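With mmCIF, C-alpha atoms inside, this is start.cif:
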data_coords
#
loop_
_atom_site.label_atom_id
_atom_site.label_comp_id
_atom_site.auth_asym_id
_atom_site.auth_seq_id
_atom_site.Cartn_x
_atom_site.Cartn_y
_atom_site.Cartn_z
CA MET A 1 71.10 123.04 -35.28
CA GLY A 2 70.07 126.69 -34.82
CA ALA A 3 70.64 126.53 -31.05
CA LEU A 4 74.12 125.05 -31.55
CA VAL A 5 75.08 127.85 -33.93
CA LEU A 6 73.79 130.38 -31.39
CA VAL A 7 75.90 128.78 -28.65
CA PHE A 8 78.95 128.91 -30.95
CA ASP A 9 78.38 132.59 -31.76
CA GLY A 10 77.89 133.39 -28.08
CA LEU A 11 81.12 131.61 -27.14
CA LEU A 12 82.95 133.41 -29.95
CA ALA A 13 81.69 136.83 -28.83
CA ALA A 14 82.51 136.14 -25.18
CA ALA A 15 85.99 134.86 -26.07
CA LEU A 16 86.63 137.99 -28.18
CA ILE A 17 85.71 140.32 -25.33
CA TRP A 18 87.77 138.31 -22.85
CA LEU A 19 90.80 138.23 -25.16
CA ALA A 20 90.52 141.97 -25.85
CA TRP A 21 90.55 142.52 -22.08
CA GLN A 22 93.54 140.20 -21.71
CA ALA A 23 95.43 141.88 -24.54
CA THR A 24 95.05 145.32 -23.02
CA HIS A 25 95.15 144.63 -19.29
CA THR A 26 97.13 141.52 -18.54
CA PRO A 27 100.34 142.15 -16.63
CA GLY A 28 103.24 140.94 -18.73
CA LEU A 29 103.66 142.03 -22.33
CA PHE A 30 104.23 138.55 -23.75
CA ARG A 31 100.82 137.35 -22.58
CA ALA A 32 99.26 140.51 -23.96
CA VAL A 33 100.81 139.97 -27.41
CA ILE A 34 99.76 136.31 -27.52
CA SER A 35 96.23 137.30 -26.48
CA PHE A 36 96.22 139.87 -29.28
CA ILE A 37 97.25 137.26 -31.87
CA ILE A 38 94.54 134.84 -30.73
CA PHE A 39 92.10 137.74 -30.74
CA GLY A 40 92.98 138.34 -34.40
CA LEU A 41 92.38 134.68 -35.30
CA LEU A 42 89.02 134.58 -33.52
CA MET A 43 88.11 137.92 -35.11
CA ALA A 44 88.73 136.34 -38.52
CA LEU A 45 86.35 133.54 -37.48
CA ALA A 46 83.78 136.17 -36.46
CA TRP A 47 84.05 137.78 -39.90
CA VAL A 48 83.46 134.36 -41.47
CA ARG A 49 80.32 134.02 -39.32
CA LEU A 50 79.24 137.49 -40.53
CA GLU A 51 79.68 136.20 -44.11
CA ALA A 52 82.50 138.63 -44.91
CA PRO A 53 85.26 136.25 -46.08
CA ASP A 54 87.31 139.08 -47.65
CA ILE A 55 87.69 140.83 -44.32
CA ALA A 56 88.30 137.49 -42.60
CA LEU A 57 91.24 136.80 -44.92
CA ALA A 58 92.70 140.25 -44.36
CA GLU A 59 92.18 140.02 -40.59
CA ALA A 60 93.85 136.62 -40.33
CA ALA A 61 96.80 137.64 -42.52
CA ILE A 62 97.35 141.23 -41.32
CA GLY A 63 95.65 141.41 -37.92
CA ALA A 64 96.91 138.13 -36.52
CA GLY A 65 99.89 137.28 -38.75
CA ALA A 66 101.78 140.41 -39.74
CA THR A 67 100.84 142.54 -36.71
CA GLY A 68 101.58 139.62 -34.41
CA ALA A 69 105.04 139.24 -35.93
CA LEU A 70 105.61 143.00 -35.58
CA LEU A 71 104.58 142.98 -31.92
CA LEU A 72 106.68 139.91 -31.13
CA SER A 73 109.76 141.37 -32.82
CA ALA A 74 109.27 144.64 -30.94
CA LEU A 75 108.92 142.63 -27.73
CA GLY A 76 112.16 140.77 -28.47
CA ARG A 77 114.00 144.08 -28.86
CA LEU A 78 112.70 145.57 -25.63
CA ALA A 79 115.07 145.43 -22.72
CA VAL A 80 114.14 142.52 -20.48
CA THR A 81 112.53 144.10 -17.44
CA ASP A 82 110.21 142.74 -14.79
CA GLU A 83 107.53 140.48 -16.22
CA ALA A 84 104.75 142.27 -14.38
CA GLY A 85 104.26 145.44 -16.42
CA THR A 86 101.60 147.77 -15.17
CA PRO A 87 98.80 145.77 -13.61
CA TRP A 88 95.23 146.92 -13.60
CA GLN A 89 95.15 147.91 -9.99
CA GLU A 90 93.70 151.33 -9.65
CA ARG A 91 90.04 150.84 -8.94
CA GLY A 92 89.34 154.48 -9.75
CA ASP A 93 90.11 153.75 -13.38
CA LEU A 94 87.37 151.12 -13.46
CA TYR A 95 84.79 153.67 -12.33
CA PHE A 96 85.66 155.71 -15.39
CA TRP A 97 86.25 153.05 -18.05
CA VAL A 98 83.25 150.80 -17.37
CA PRO A 99 80.66 153.59 -17.83
CA ALA A 100 82.67 155.02 -20.73
CA GLY A 101 82.78 151.62 -22.41
CA LEU A 102 79.06 151.08 -21.88
CA ALA A 103 78.31 154.53 -23.31
CA LEU A 104 80.43 153.77 -26.39
CA LEU A 105 78.67 150.42 -26.79
CA GLY A 106 75.30 152.20 -26.59
CA LEU A 107 76.30 154.76 -29.21
CA LEU A 108 77.62 152.06 -31.54
CA THR A 109 74.40 150.05 -31.13
CA LEU A 110 72.41 153.17 -31.95
CA ALA A 111 74.58 153.85 -35.01
CA ALA A 112 74.29 150.24 -36.20
CA TRP A 113 70.50 150.44 -35.68
CA GLN A 114 70.25 153.48 -37.91
CA LEU A 115 72.34 152.14 -40.80
CA PRO A 116 70.39 152.24 -44.07
CA SER A 117 68.80 148.84 -44.25
CA PRO A 118 69.82 147.20 -47.54
CA GLY A 119 72.99 149.33 -47.69
CA LEU A 120 74.64 150.01 -51.02
CA GLY A 121 74.84 146.33 -51.93
CA GLU A 122 72.12 146.54 -54.54
CA GLU A 123 73.68 149.56 -56.25
CA VAL A 124 77.01 147.73 -56.40
CA GLN A 125 75.35 144.61 -57.83
CA ALA A 126 73.53 146.75 -60.42
CA SER A 127 76.77 148.26 -61.73
CA LEU A 128 78.93 145.15 -61.27
CA ALA A 129 78.93 144.41 -65.00
CA GLU A 130 80.72 147.73 -65.69
CA SER A 131 83.40 147.20 -63.01
CA GLY A 132 85.48 144.68 -64.95
CA VAL A 133 85.41 142.10 -62.11
CA GLU A 134 82.83 139.73 -60.66
CA ASN A 135 83.68 140.10 -56.98
CA PRO A 136 81.72 143.07 -55.56
CA VAL A 137 84.34 143.71 -52.85
CA THR A 138 87.14 144.04 -55.40
CA ALA A 139 84.86 146.17 -57.58
CA VAL A 140 84.34 148.61 -54.69
CA LEU A 141 87.97 148.60 -53.57
CA LEU A 142 89.66 149.07 -56.92
CA ASN A 143 87.01 150.63 -59.12
CA PHE A 144 84.02 152.36 -57.50
CA ARG A 145 85.95 153.62 -54.45
CA ALA A 146 89.49 153.31 -55.80
CA PHE A 147 90.21 156.78 -54.44
CA ASP A 148 89.92 155.43 -50.87
CA THR A 149 92.29 152.58 -51.71
CA LEU A 150 94.73 155.10 -53.19
CA LEU A 151 94.80 156.88 -49.83
CA GLU A 152 95.21 153.57 -47.93
CA ILE A 153 98.19 152.59 -50.07
CA GLY A 154 99.54 156.09 -49.50
CA VAL A 155 99.24 155.64 -45.73
CA LEU A 156 101.22 152.39 -45.92
CA LEU A 157 103.95 154.12 -47.94
CA LEU A 158 104.01 157.01 -45.47
CA ALA A 159 104.39 154.57 -42.57
CA THR A 160 107.38 152.98 -44.30
CA VAL A 161 108.90 156.40 -45.03
CA ALA A 162 108.43 157.38 -41.38
CA ILE A 163 110.14 154.20 -40.17
CA TRP A 164 113.04 154.60 -42.60
CA SER A 165 113.47 158.19 -41.49
CA LEU A 166 113.96 157.02 -37.90
CA GLY A 167 117.30 155.45 -38.78
CA ARG A 168 119.01 152.24 -39.74
CA MET A 169 117.58 148.82 -39.14
CA PRO A 170 118.43 147.67 -35.60
CA VAL A 171 120.74 144.66 -35.37
CA PRO A 172 120.48 141.76 -35.04
CA GLY A 173 117.75 141.43 -37.60
CA VAL A 174 117.69 137.67 -37.14
CA PRO A 175 117.54 135.59 -33.97
CA ALA A 176 120.90 134.54 -32.58
CA MET A 177 119.84 130.89 -32.34
CA THR A 178 121.53 128.44 -34.67
CA SER A 179 118.82 125.98 -35.55
CA PRO A 180 118.52 124.14 -38.85
CA VAL A 181 114.74 124.04 -38.43
CA LEU A 182 113.95 127.64 -39.31
CA PRO A 183 115.93 127.78 -42.59
CA ALA A 184 114.41 124.44 -43.60
CA LEU A 185 110.94 125.73 -42.76
CA GLY A 186 111.54 128.88 -44.79
CA ARG A 187 112.77 126.86 -47.73
CA VAL A 188 109.77 124.51 -47.64
CA LEU A 189 107.13 127.14 -47.03
CA PHE A 190 108.21 130.12 -49.12
CA PRO A 191 107.05 128.60 -52.43
CA MET A 192 103.70 127.94 -50.74
CA PHE A 193 103.49 131.59 -49.68
CA ALA A 194 104.26 132.72 -53.22
CA LEU A 195 101.74 130.30 -54.74
CA VAL A 196 98.98 131.26 -52.30
CA SER A 197 99.48 134.98 -52.79
CA VAL A 198 99.39 134.69 -56.58
CA TYR A 199 96.27 132.54 -56.25
CA LEU A 200 94.61 135.07 -53.93
CA LEU A 201 95.48 137.91 -56.30
CA TRP A 202 93.99 136.13 -59.29
CA ARG A 203 90.98 134.95 -57.29
CA GLY A 204 90.19 138.51 -56.18
CA SER A 205 88.53 139.26 -59.51
CA HIS A 206 85.73 136.77 -58.99
CA ALA A 207 85.77 135.57 -55.36
CA PRO A 208 87.08 136.64 -51.94
CA GLY A 209 90.77 137.51 -52.14
CA GLY A 210 92.60 140.36 -53.79
CA ALA A 211 95.53 142.69 -53.31
CA PHE A 212 95.34 143.09 -49.54
CA SER A 213 95.22 139.43 -48.57
CA ALA A 214 97.69 138.48 -51.33
CA GLY A 215 100.09 141.22 -50.24
CA ALA A 216 99.79 140.21 -46.60
CA VAL A 217 100.53 136.54 -47.36
CA MET A 218 103.52 137.50 -49.51
CA GLY A 219 104.75 139.89 -46.83
CA ALA A 220 104.42 137.19 -44.17
CA GLY A 221 106.46 134.87 -46.41
CA GLY A 222 109.13 137.56 -46.68
CA ILE A 223 109.21 137.98 -42.90
CA LEU A 224 109.56 134.21 -42.46
CA THR A 225 112.53 134.05 -44.83
CA ILE A 226 114.22 136.96 -43.06
CA LEU A 227 113.60 135.21 -39.72
CA ALA A 228 115.16 132.10 -41.24
CA GLY A 229 118.31 134.08 -41.95
CA ALA A 230 117.86 134.76 -45.65
CA GLN A 231 119.36 137.92 -47.05
CA PRO A 232 117.18 139.88 -49.45
CA TRP A 233 118.50 140.31 -52.96
CA LEU A 234 117.27 143.88 -52.79
CA THR A 235 120.55 145.58 -52.08
CA GLY A 236 122.45 148.53 -53.40
CA SER A 237 123.38 151.85 -51.92
CA ALA A 238 120.49 153.80 -53.38
CA TYR A 239 117.79 151.29 -52.32
CA GLY A 240 116.54 151.41 -55.88
CA PRO A 241 114.55 148.14 -55.93
CA TRP A 242 113.12 148.80 -52.44
CA ARG A 243 111.96 152.26 -53.44
CA ILE A 244 110.46 151.09 -56.74
CA LEU A 245 108.55 148.20 -55.16
CA LEU A 246 107.37 150.22 -52.16
CA SER A 247 105.97 153.04 -54.27
CA LEU A 248 104.74 150.87 -57.15
CA GLY A 249 101.16 150.65 -55.82
CA LEU A 250 100.72 154.37 -55.24
CA ALA A 251 102.45 155.24 -58.52
CA ALA A 252 100.30 152.82 -60.52
CA MET A 253 97.07 154.08 -58.95
CA LEU A 254 97.99 157.72 -59.50
CA GLY A 255 99.10 156.91 -63.04
CA VAL A 256 95.79 155.25 -63.83
CA ALA A 257 93.77 157.98 -62.10
CA LEU A 258 95.42 160.65 -64.24
CA GLY A 259 95.93 158.48 -67.31
CA VAL A 260 92.22 157.96 -67.85
CA ILE A 261 91.83 161.74 -68.17
CA ALA A 262 93.96 161.53 -71.31
CA LEU A 263 91.42 159.01 -72.66
CA GLY A 264 88.68 161.57 -72.16
CA GLN A 265 87.31 160.07 -68.93
CA PRO A 266 86.76 161.85 -65.59
CA PHE A 267 89.39 161.44 -62.82
CA PHE A 268 89.66 157.73 -61.79
CA ALA A 269 86.78 156.62 -64.07
CA TYR A 270 88.02 153.63 -66.05
CA PRO A 271 86.74 153.05 -69.58
CA THR A 272 84.33 150.10 -69.25
CA ASP A 273 86.07 147.88 -71.82
CA LEU A 274 89.46 148.40 -70.14
CA ALA A 275 88.22 148.09 -66.53
CA GLY A 276 89.15 144.40 -66.14
CA PRO A 277 92.83 144.71 -67.12
CA ILE A 278 93.17 147.98 -65.21
CA VAL A 279 91.85 146.45 -61.99
CA LEU A 280 94.16 143.45 -62.39
CA LEU A 281 97.15 145.74 -63.01
CA LEU A 282 96.34 147.82 -59.94
CA GLU A 283 95.87 144.70 -57.83
CA LEU A 284 99.28 143.42 -58.87
CA ALA A 285 101.01 146.74 -58.17
CA ALA A 286 99.19 147.28 -54.86
CA GLY A 287 99.81 143.69 -53.75
CA LEU A 288 103.56 143.99 -54.36
CA SER A 289 103.71 147.30 -52.51
CA ILE A 290 101.71 145.93 -49.56
CA ALA A 291 104.02 142.90 -49.33
CA MET A 292 107.15 145.06 -49.43
CA SER A 293 105.69 147.52 -46.91
CA LEU A 294 104.98 144.72 -44.44
CA VAL A 295 108.54 143.41 -44.76
CA ALA A 296 109.88 146.97 -44.41
CA LEU A 297 107.74 147.56 -41.31
CA TYR A 298 109.05 144.31 -39.84
CA LEU A 299 112.68 145.36 -40.39
CA ALA A 300 111.92 148.41 -38.18
CA GLY A 301 114.32 150.71 -39.95
CA GLN A 302 116.17 151.39 -43.17
CA PRO A 303 117.74 148.11 -44.29
CA PRO A 304 121.51 148.09 -44.74
CA ALA A 305 122.86 148.89 -48.16
CA SER A 306 124.62 145.56 -48.22
CA TRP A 307 123.54 142.47 -46.31
CA ASN A 308 126.84 140.70 -46.69
CA GLY A 309 129.44 140.53 -43.98
CA GLU A 310 130.28 143.43 -41.74
CA SER A 311 127.76 146.01 -42.80
CA MET A 312 125.01 143.76 -41.49
CA ARG A 313 126.52 143.80 -38.01
CA ARG A 314 128.18 147.19 -38.17
CA MET B 315 72.15 110.97 -43.04
CA SER B 316 73.93 108.70 -45.47
CA LEU B 317 76.82 106.39 -44.66
CA ASN B 318 79.63 108.87 -45.37
CA HIS B 319 77.94 111.46 -43.13
CA TRP B 320 77.86 108.99 -40.22
CA LEU B 321 81.43 107.87 -40.86
CA GLY B 322 82.67 111.45 -41.17
CA ALA B 323 80.94 112.54 -37.97
CA LEU B 324 82.35 109.49 -36.17
CA LEU B 325 85.92 110.33 -37.27
CA VAL B 326 85.56 113.97 -36.20
CA ILE B 327 84.26 112.89 -32.81
CA ALA B 328 87.10 110.36 -32.56
CA GLY B 329 89.53 113.28 -32.85
CA MET B 330 88.13 115.08 -29.83
CA PRO B 331 89.73 112.96 -27.08
CA PHE B 332 93.16 113.70 -28.60
CA PHE B 333 92.51 117.44 -28.49
CA PHE B 334 91.29 117.06 -24.94
CA LEU B 335 94.33 115.03 -23.84
CA GLY B 336 96.71 117.47 -25.50
CA MET B 337 95.02 120.35 -23.69
CA LEU B 338 95.13 118.42 -20.42
CA GLY B 339 98.86 117.82 -20.88
CA LEU B 340 99.42 121.50 -21.68
CA LEU B 341 97.64 122.52 -18.50
CA ARG B 342 98.89 119.84 -16.11
CA PHE B 343 102.40 118.76 -17.18
CA PRO B 344 105.25 120.20 -15.10
CA ASP B 345 107.56 121.95 -17.61
CA ALA B 346 107.85 123.32 -21.13
CA TYR B 347 109.32 120.13 -22.62
CA THR B 348 106.68 117.73 -21.33
CA ARG B 349 103.95 120.16 -22.36
CA LEU B 350 105.38 120.34 -25.88
CA HIS B 351 105.55 116.57 -25.93
CA ALA B 352 101.86 116.31 -25.08
CA LEU B 353 100.67 119.06 -27.39
CA ALA B 354 102.73 118.56 -30.53
CA LYS B 355 101.79 114.91 -30.82
CA SER B 356 98.15 114.67 -29.80
CA ASP B 357 97.02 117.80 -31.65
CA ASN B 358 98.38 116.47 -34.93
CA VAL B 359 96.52 113.20 -34.54
CA ALA B 360 93.38 115.07 -33.52
CA LEU B 361 93.54 117.42 -36.48
CA GLY B 362 94.29 114.50 -38.78
CA LEU B 363 91.17 112.69 -37.60
CA VAL B 364 89.07 115.87 -37.91
CA CYS B 365 90.36 116.55 -41.44
CA LEU B 366 89.82 112.91 -42.43
CA GLY B 367 86.31 113.03 -41.00
CA LEU B 368 85.47 116.26 -42.82
CA ALA B 369 86.91 114.83 -46.06
CA VAL B 370 84.71 111.75 -45.76
CA TYR B 371 81.75 113.93 -44.81
CA SER B 372 82.18 116.20 -47.83
CA GLY B 373 82.42 113.27 -50.24
CA SER B 374 84.37 115.43 -52.71
CA LEU B 375 87.91 114.67 -53.84
CA ILE B 376 89.01 118.29 -54.23
CA THR B 377 87.84 119.15 -50.69
CA ALA B 378 89.63 116.07 -49.38
CA LEU B 379 92.88 117.17 -51.06
CA LYS B 380 92.55 120.68 -49.60
CA LEU B 381 92.01 119.22 -46.12
CA LEU B 382 95.02 116.96 -46.61
CA LEU B 383 97.10 120.01 -47.54
CA ILE B 384 95.90 121.83 -44.41
CA TRP B 385 96.88 118.85 -42.27
CA LEU B 386 100.32 118.55 -43.87
CA LEU B 387 101.02 122.27 -43.42
CA MET B 388 99.91 121.99 -39.82
CA LEU B 389 102.25 119.04 -39.30
CA VAL B 390 105.19 121.05 -40.64
CA ALA B 391 104.25 124.12 -38.61
CA SER B 392 103.72 122.31 -35.32
CA ALA B 393 106.87 120.22 -35.66
CA ALA B 394 108.96 123.31 -36.45
CA GLY B 395 107.24 125.35 -33.73
CA ALA B 396 107.76 122.68 -31.08
CA SER B 397 111.42 122.32 -32.05
CA LEU B 398 111.99 126.09 -31.90
CA ILE B 399 110.27 126.44 -28.52
CA GLY B 400 112.24 123.51 -27.13
CA ARG B 401 115.57 124.84 -28.43
CA THR B 402 114.85 128.33 -27.12
CA ALA B 403 113.98 126.92 -23.70
CA LEU B 404 117.20 124.89 -23.65
CA ALA B 405 119.25 127.89 -24.81
CA ARG B 406 117.78 129.91 -21.97
CA GLY B 407 118.97 127.28 -19.55
CA ILE B 408 115.59 125.92 -18.52
CA LYS B 409 116.29 122.45 -17.09
CA PRO B 410 114.01 119.59 -18.12
CA TRP B 411 111.79 118.33 -15.32
CA GLY B 412 113.36 115.57 -13.22
CA VAL B 413 116.87 116.10 -14.56
#

Have the structure of the file written as structure tokens, please.
Amino acid sequence: MGALVLVFDGLLAAALIWLAWQATHTPGLFRAVISFIIFGLLMALAWVRLEAPDIALAEAAIGAGATGALLLSALGRLAVTDEAGTPWQERGDLYFWVPAGLALLGLLTLAAWQLPSPGLGEEVQASLAESGVENPVTAVLLNFRAFDTLLEIGVLLLATVAIWSLGRMPVPGVPAMTSPVLPALGRVLFPMFALVSVYLLWRGSHAPGGAFSAGAVMGAGGILTILAGAQPWLTGSAYGPWRILLSLGLAAMLGVALGVIALGQPFFAYPTDLAGPIVLLLELAAGLSIAMSLVALYLAGQPPASWNGESMRR
Amino acid sequence: MSLNHWLGALLVIAGMPFFFLGMLGLLRFPDAYTRLHALAKSDNVALGLVCLGLAVYSGSLITALKLLLIWLLMLVASAAGASLIGRTALARGIKPWGV
């Protein structure tokens, strides 16, 4: 059995390297994007093999799913040019990139070799009881190192702000094909997306899951419904609901970080007896913001104030 | 190895030829429509057999239900995907092979 597992891991590693090469160097953007999506799926499998199911979930949902949809939609909006983009022809480049890649690999191996051996896992386990949750990953993300997560949520919000500042959403936002399949698919699957993301959010407190995977699944569901031709109920000239949902995660985290000071705690240090509810609240807020950010990124611009009729097509 | 382990392994192995034939069709058939025809059908049977085999192997009802859900979702996704690819190919004016 051990040899079989080794063969599987070897195949997985080789396929990852091959797909990474394909995604970056294949002529033809469509092939490159498909290679990238498969790379994301196999990467999720690699994280499972490394016993990191939290990262595997996030990689499958964000790396393969949401990023794949973003790349495909960008590809669809590019002007159709020759299929053969820029092939990997110049041999001189190889003489630079192969040694450079090997040097980077050597440095990474050296760095991995020198990582502190048990890591911080034992410290996290020792303080897990005070974190308010039973899943060590969630405890680190939303309690012990919540400051890092605050910055990550901030980066997502900044990305959305940057995209909105570039102008209005390009039209058409939906494919021009009239097929009954896609709306039916959206109608059948969206409740599943909602159910799974709520489940993942709840599960994050005691098992792999949490705000990032829940938000990514919800965001993917939103993208599917938009693809299927649905019109978001989030309308209005001032983008009020969009703005509230997009900034909810950052606002909640900042509110908690400063709010605990009023309770006589240091910055971002939750009172132990309130830690559980606080983490759940932050997960909910962050998950909603992540989902909305992914949909907003997919729309590739500020959505129209009204989705009905002419303003959609301008 | 108890009986359900043998039976489960047998069902999983029984799924492999369907995967193989679907892949063969994808690689060797002449156009998009025939390739879809090969892939969308045989992969679903193959995955069904694999899921059934794993359900029998696990011997637990809740795992079996989860595997059933995975298979059903995959059926919906592959049917919708095949239909969308086929429609897009038709809309782009790709003529079916032999027509």

Rows by chain and residue number, chain A within 9 Å of chain B, shortest pair, all atoms listed in the file, as a Markdown table:
| residue | atom | partner | partner_atom | distance |
| --- | --- | --- | --- | --- |
| A:Met177 | CA | B:Thr402 | CA | 7.7 |
| A:Ser179 | CA | B:Leu398 | CA | 7.7 |
| A:Val181 | CA | B:Ala394 | CA | 6.2 |
| A:Leu182 | CA | B:Ala394 | CA | 7.2 |
| A:Leu185 | CA | B:Ala394 | CA | 7.0 |
| A:Leu189 | CA | B:Leu387 | CA | 8.6 |

* Give as a PyMOL selection string the set of residues within 12 Å of the point (112.7, 157.2, -43.3), where distances use the file's coordinates and all atoms listed in the file. => chain A and resi 157-169+239+243+296-297+300-303

* To do: Tell me which protein, DNA and RNA residues are within 6 Å of Val326 of chain B, counting only C-alpha atoms, leaving out same-chain ones fewer than 2 positions away, and put them as JSON, numbers by chain.
  => {"B": [323, 324, 328, 329, 363, 364, 367]}

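For the residues B:Asn358, B:Thr377, B:Thr348, B:Ser392, ranking by smallest atom-to-atom distance to Gly412 of chain B using only C-alpha atoms places B:Thr348 first.
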
* Could you jot down the atom CA of Glu152 of chain A to atom CA of Arg77 of chain A separation for me, Å, one decimal place? =>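 These atoms are spaced 28.4 Å apart.
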
So that I can see what lies close to Trp18 of chain A, please list as a compact mmCIF listing (two decimals) with C-alpha atoms, keeping the file's coordinate frame the residues with an atom at most 12 Å from it, counting all atoms listed in the file and leaving out residues fewer than 6 positions away in the same chain.
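Written output follows (result.txt):
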# COMPACT_ATOMS: atom_id res chain seq x y z
CA LEU A 11 81.12 131.61 -27.14
CA LEU A 12 82.95 133.41 -29.95
CA THR A 24 95.05 145.32 -23.02
CA HIS A 25 95.15 144.63 -19.29
CA THR A 26 97.13 141.52 -18.54
CA ALA A 32 99.26 140.51 -23.96
CA SER A 35 96.23 137.30 -26.48
CA PHE A 36 96.22 139.87 -29.28
CA ILE A 38 94.54 134.84 -30.73
CA PHE A 39 92.10 137.74 -30.74
CA LEU A 42 89.02 134.58 -33.52

* **8 Å contact set for Met253 of chain A, all atoms listed in the file, chain neighbours under 4 positions out, as a VMD selection string** => chain A and resid 150 249 257 282

Since we have the selection now, will you write its residues out, keeping C-alpha atoms, as a JSON list (two decimals), in the coordinates of the input?
[["chain", "number", "residue", "atom", "x", "y", "z"],
["A", 150, "LEU", "CA", 94.73, 155.10, -53.19],
["A", 249, "GLY", "CA", 101.16, 150.65, -55.82],
["A", 257, "ALA", "CA", 93.77, 157.98, -62.10],
["A", 282, "LEU", "CA", 96.34, 147.82, -59.94]]

* Asked: Using only C-alpha atoms, which residues sit within 7 Å of Asn318 of chain B once same-chain residues fewer than 2 positions away are excluded, as a PyMOL selection string?
  -> chain B and resi 316+320-322+370-371

Within 8 Å of Met292 of chain A, counting all atoms listed in the file, which residues show up once you throw out same-chain ones fewer than 3 positions away? Write them as a compact mmCIF listing (two decimals) with C-alpha atoms, keeping the file's coordinate frame, please.
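The resulting file, selection_15.txt, is reproduced below:
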# COMPACT_ATOMS: atom_id res chain seq x y z
CA GLY A 219 104.75 139.89 -46.83
CA TRP A 242 113.12 148.80 -52.44
CA LEU A 245 108.55 148.20 -55.16
CA LEU A 246 107.37 150.22 -52.16
CA LEU A 288 103.56 143.99 -54.36
CA SER A 289 103.71 147.30 -52.51
CA VAL A 295 108.54 143.41 -44.76
CA ALA A 296 109.88 146.97 -44.41
